[in-house]
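**Student:** Structure file query.tsv, TSV, C-alpha atoms, is pasted below:
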chain	number	residue	atom	x	y	z
A	1	MET	CA	46.11	-17.79	11.13
A	2	ARG	CA	49.48	-18.88	12.48
A	3	GLU	CA	47.92	-21.75	14.45
A	4	LEU	CA	47.53	-24.03	11.45
A	5	VAL	CA	48.14	-27.68	12.15
A	6	GLY	CA	51.34	-28.59	10.36
A	7	SER	CA	52.76	-25.09	10.11
A	8	PRO	CA	56.56	-25.03	10.30
A	9	GLY	CA	58.20	-25.10	13.70
A	10	THR	CA	55.32	-26.91	15.45
A	11	TRP	CA	54.82	-30.42	16.78
A	12	GLY	CA	52.20	-31.01	14.10
A	13	SER	CA	54.71	-30.21	11.39
A	14	LEU	CA	57.30	-32.48	12.97
A	15	VAL	CA	54.84	-35.38	13.10
A	16	LEU	CA	53.76	-34.73	9.50
A	17	ARG	CA	57.35	-34.62	8.24
A	18	ALA	CA	58.32	-37.71	10.25
A	19	ALA	CA	55.38	-39.62	8.74
A	20	GLN	CA	56.37	-38.48	5.24
A	21	CYS	CA	59.91	-39.71	5.87
A	22	SER	CA	58.67	-43.01	7.23
A	23	PHE	CA	56.36	-43.78	4.33
A	24	ALA	CA	58.88	-42.66	1.72
A	25	GLY	CA	61.64	-44.71	3.35
A	26	ALA	CA	59.39	-47.74	3.66
A	27	SER	CA	58.40	-47.42	-0.01
A	28	ILE	CA	62.07	-47.29	-1.02
A	29	GLY	CA	62.94	-50.24	1.21
A	30	VAL	CA	60.14	-52.46	-0.05
A	31	MET	CA	60.76	-51.62	-3.70
A	32	ALA	CA	64.54	-52.03	-3.41
A	33	SER	CA	64.08	-55.45	-1.83
A	34	ALA	CA	61.85	-56.65	-4.68
A	35	MET	CA	63.83	-58.66	-7.19
A	36	GLY	CA	63.84	-57.21	-10.69
A	37	PHE	CA	62.42	-53.77	-9.88
A	38	SER	CA	65.26	-52.13	-11.81
A	39	ASN	CA	63.97	-53.60	-15.06
A	40	TYR	CA	61.03	-51.17	-14.98
A	41	THR	CA	61.52	-47.43	-15.38
A	42	ALA	CA	58.42	-46.54	-13.38
A	43	PHE	CA	59.76	-48.35	-10.33
A	44	CYS	CA	63.17	-46.69	-10.65
A	45	TYR	CA	61.41	-43.33	-10.92
A	46	LEU	CA	59.41	-44.20	-7.80
A	47	ILE	CA	62.61	-44.87	-5.85
A	48	ALA	CA	64.19	-41.63	-7.08
A	49	SER	CA	61.10	-39.61	-6.25
A	50	MET	CA	60.71	-41.17	-2.82
A	51	GLY	CA	64.41	-40.54	-2.20
A	52	LEU	CA	63.90	-36.86	-2.91
A	53	GLN	CA	60.81	-36.88	-0.71
A	54	LEU	CA	62.75	-38.54	2.08
A	55	LEU	CA	65.56	-35.98	1.92
A	56	TRP	CA	63.20	-33.00	1.76
A	57	SER	CA	61.01	-34.22	4.62
A	58	PHE	CA	63.99	-35.17	6.76
A	59	GLY	CA	65.54	-31.75	6.26
A	60	LEU	CA	62.34	-30.01	7.26
A	61	ALA	CA	61.88	-32.35	10.23
A	62	CYS	CA	65.36	-31.38	11.42
A	63	LEU	CA	64.42	-27.73	10.96
A	64	ASP	CA	61.26	-28.31	13.01
A	65	ILE	CA	63.29	-29.95	15.77
A	66	TYR	CA	65.66	-26.99	15.79
A	67	ALA	CA	62.78	-24.50	15.87
A	68	LEU	CA	61.05	-26.35	18.70
A	69	LYS	CA	64.24	-26.70	20.72
A	70	MET	CA	65.34	-23.08	20.28
A	71	LYS	CA	61.78	-21.69	20.29
A	72	LYS	CA	62.25	-20.05	16.87
A	73	ASP	CA	59.44	-18.73	14.71
A	74	LEU	CA	59.60	-20.05	11.14
A	75	HIS	CA	56.74	-17.91	9.82
A	76	ASN	CA	59.00	-15.72	7.69
A	77	PRO	CA	57.44	-15.02	4.24
A	78	ILE	CA	60.65	-15.91	2.38
A	79	LEU	CA	61.14	-19.13	4.33
A	80	VAL	CA	57.50	-20.15	3.92
A	81	SER	CA	57.76	-19.41	0.18
A	82	LEU	CA	60.68	-21.84	0.00
A	83	PHE	CA	58.62	-24.44	1.87
A	84	VAL	CA	55.69	-23.94	-0.51
A	85	VAL	CA	57.80	-24.40	-3.62
A	86	GLY	CA	59.65	-27.42	-2.20
A	87	ASP	CA	56.46	-29.08	-1.00
A	88	TRP	CA	54.65	-28.53	-4.28
A	89	VAL	CA	57.56	-29.83	-6.35
A	90	THR	CA	57.99	-32.94	-4.21
A	91	ALA	CA	54.22	-33.50	-4.11
A	92	ILE	CA	53.94	-33.37	-7.90
A	93	LEU	CA	56.94	-35.66	-8.41
A	94	SER	CA	55.70	-38.11	-5.78
A	95	PHE	CA	52.22	-38.21	-7.27
A	96	ALA	CA	53.57	-38.76	-10.78
A	97	ALA	CA	55.88	-41.53	-9.59
A	98	ALA	CA	53.17	-43.26	-7.57
A	99	CYS	CA	50.73	-43.09	-10.48
A	100	SER	CA	53.25	-44.46	-12.97
A	101	ALA	CA	54.17	-47.30	-10.61
A	102	ALA	CA	50.49	-48.02	-10.02
A	103	GLY	CA	49.95	-48.20	-13.77
A	104	VAL	CA	52.68	-50.80	-14.11
A	105	VAL	CA	51.30	-52.76	-11.15
A	106	VAL	CA	47.83	-52.79	-12.73
A	107	LEU	CA	49.38	-53.88	-16.01
A	108	PHE	CA	51.10	-56.80	-14.30
A	109	GLU	CA	48.09	-57.77	-12.21
A	110	LYS	CA	45.18	-57.36	-14.61
A	111	ASP	CA	46.42	-57.17	-18.17
A	112	VAL	CA	49.33	-59.56	-18.63
A	113	ASN	CA	48.71	-61.73	-15.54
A	114	SER	CA	52.40	-61.78	-14.67
A	115	CYS	CA	51.55	-62.10	-11.01
A	116	LYS	CA	49.82	-65.44	-11.57
A	117	ARG	CA	51.86	-66.83	-14.44
A	118	VAL	CA	55.39	-66.07	-13.29
A	119	PRO	CA	56.34	-67.87	-10.07
A	120	GLY	CA	58.22	-65.71	-7.60
A	121	PHE	CA	57.22	-62.46	-9.31
A	122	PRO	CA	57.13	-59.82	-6.52
A	123	CYS	CA	53.73	-58.28	-7.32
A	124	GLY	CA	52.84	-57.91	-3.66
A	125	MET	CA	56.01	-55.95	-2.97
A	126	PHE	CA	55.39	-53.70	-5.96
A	127	GLN	CA	51.84	-53.08	-4.74
A	128	LEU	CA	52.94	-52.37	-1.17
A	129	SER	CA	55.67	-49.98	-2.26
A	130	THR	CA	53.22	-48.12	-4.49
A	131	ALA	CA	50.64	-47.89	-1.69
A	132	LEU	CA	53.28	-46.51	0.68
A	133	ALA	CA	54.27	-43.96	-1.96
A	134	PHE	CA	50.64	-42.84	-2.22
A	135	LEU	CA	50.49	-42.46	1.57
A	136	SER	CA	53.66	-40.36	1.50
A	137	TRP	CA	52.20	-38.25	-1.30
A	138	THR	CA	48.95	-37.73	0.65
A	139	LEU	CA	50.86	-36.31	3.60
A	140	THR	CA	53.01	-34.18	1.29
A	141	ALA	CA	49.94	-32.81	-0.43
A	142	ALA	CA	48.46	-31.94	2.97
A	143	SER	CA	51.60	-30.14	4.09
A	144	SER	CA	51.87	-28.29	0.77
A	145	LEU	CA	48.31	-27.01	1.17
A	146	VAL	CA	49.04	-25.92	4.74
A	147	MET	CA	52.16	-24.09	3.58
A	148	PHE	CA	50.28	-22.41	0.74
A	149	TRP	CA	47.50	-21.35	3.12
A	150	LEU	CA	50.07	-20.03	5.58
A	151	LEU	CA	51.87	-18.09	2.86
A	152	ALA	CA	48.59	-16.51	1.77
A	153	SER	CA	47.91	-15.42	5.36
A	154	LEU	CA	51.32	-13.79	5.92
Output the file's structure as structure tokens, nothing else.
**Tutor:**
Amino acid sequence: MRELVGSPGTWGSLVLRAAQCSFAGASIGVMASAMGFSNYTAFCYLIASMGLQLLWSFGLACLDIYALKMKKDLHNPILVSLFVVGDWVTAILSFAAACSAAGVVVLFEKDVNSCKRVPGFPCGMFQLSTALAFLSWTLTAASSLVMFWLLASL
């Protein structure tokens, strides 16, 4: 059962964590470059959540690089338990932030028509940042399921 794709200390895990970092960082960058994002709590929450996701994924990517370089086995039950808890917490926070941001984007786009009425309103940037956050969450959810499965098999 230790040959799971995405298990810690493997190339699959490193790619998964690097992709999580990339999408979370891109989401932060796009949202932070949108004028007026700080006026909406959901978008500020999205940046905070993606920041946490970025830090968590980067830390685990560095741990994967270390394990690959030194040929270490990271399948310790205590270590995997920490990964499970961290992945589940960041997955839940990321999903909540992406959903709240998506709700505000839908409000702007469909309900109050701010995207059409207000010239220069950065709806496209809000939408892109939210989509990137959902992509980051998808990869985090996948890694959290792999970690949970691995913990159950240890």
**Student:** So which residues touch Ala98 of chain A within 12 Å, counting only C-alpha atoms, skipping near sequence neighbours fewer than 5 positions away, as a PyMOL selection string?
**Tutor:** chain A and resi 24+27-28+31+42-50+90-93+103-105+126-138
**Student:** Could you please determine the separation between atom CA of Leu14 of chain A and atom CA of Ala61 of chain A in Å, to one decimal place?
**Tutor:**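 Value for the atom CA of Leu14 of chain A-atom CA of Ala61 of chain A distance: 5.3 Å.
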**Student:** Would you please work out which residue, of A:Leu82, A:Leu55, A:Gly36, A:Leu150, is nearest to Cys123 of chain A when using all atoms listed in the file?
**Tutor:**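 Using all atoms listed in the file, the shortest distance to Cys123 of chain A belongs to A:Gly36.
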**Student:** Calculated over all atoms listed in the file, which of the candidates A:Cys21, A:Leu145, A:Val5, A:Val118 has the smallest distance to Cys62 of chain A?
**Tutor:**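 Checking each candidate against Cys62 of chain A, we get A:Cys21 as the closest.
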**Student:** Might I get the box with edges along x, y and z of the file that holds all atoms of segment 38-46 of chain A listed there, padded by 6 Å on every side, given as centre and edge lengths in Å to one decimal, as JSON?
**Tutor:**
{"center_x": 61.8, "center_y": -48.5, "center_z": -11.6, "size_x": 18.8, "size_y": 22.3, "size_z": 19.6}
**Student:** In Å, how far is it from atom CA of Thr41 of chain A to atom CA of Ala96 of chain A?
**Tutor:**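 About the pair atom CA of Thr41 of chain A and atom CA of Ala96 of chain A: they are 12.6 Å apart.
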**Student:** Which one is closest to Asp87 of chain A: A:Leu68, A:Ala142, A:Ala32, A:Ala101? Count all atoms listed in the file.
**Tutor:**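 Going through A:Leu68, A:Ala142, A:Ala32, A:Ala101 one by one, the smallest distance to Asp87 of chain A is for A:Ala142.
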**Student:** What is the atom CA of Met147 of chain A to atom CA of Pro8 of chain A distance in Å?
**Tutor:** 8.1 Å
**Student:** Using only C-alpha atoms for the distances, tell me which of A:Asp73, A:Gly51, A:Phe121, A:Tyr40 is nearest to Gly9 of chain A.
**Tutor:**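 Between A:Asp73, A:Gly51, A:Phe121, A:Tyr40, the residue approaching Gly9 of chain A most closely is A:Asp73.
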**Student:** Need the neighbours of (61.0, -18.0, 10.2): which residues are at most 12 Å away, counting only C-alpha atoms, as a list in words?
**Tutor:**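 The answer, in the requested form, is Arg2, Ser7, Pro8, Gly9, Thr10, Leu63, Asp64, Tyr66, Ala67, Leu68, Lys71, Lys72, Asp73, Leu74, His75, Asn76, Pro77, Ile78, Leu79, Val80, Ser81, Leu82, Phe83, Leu151 and Leu154 of chain A.
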**Student:** Calculated over all atoms listed in the file, which of the candidates A:Ala97, A:Ala18, A:Val30, A:Val85 has the smallest distance to Gly59 of chain A?
**Tutor:**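 Among the listed residues, the smallest separation from Gly59 of chain A belongs to A:Ala18.
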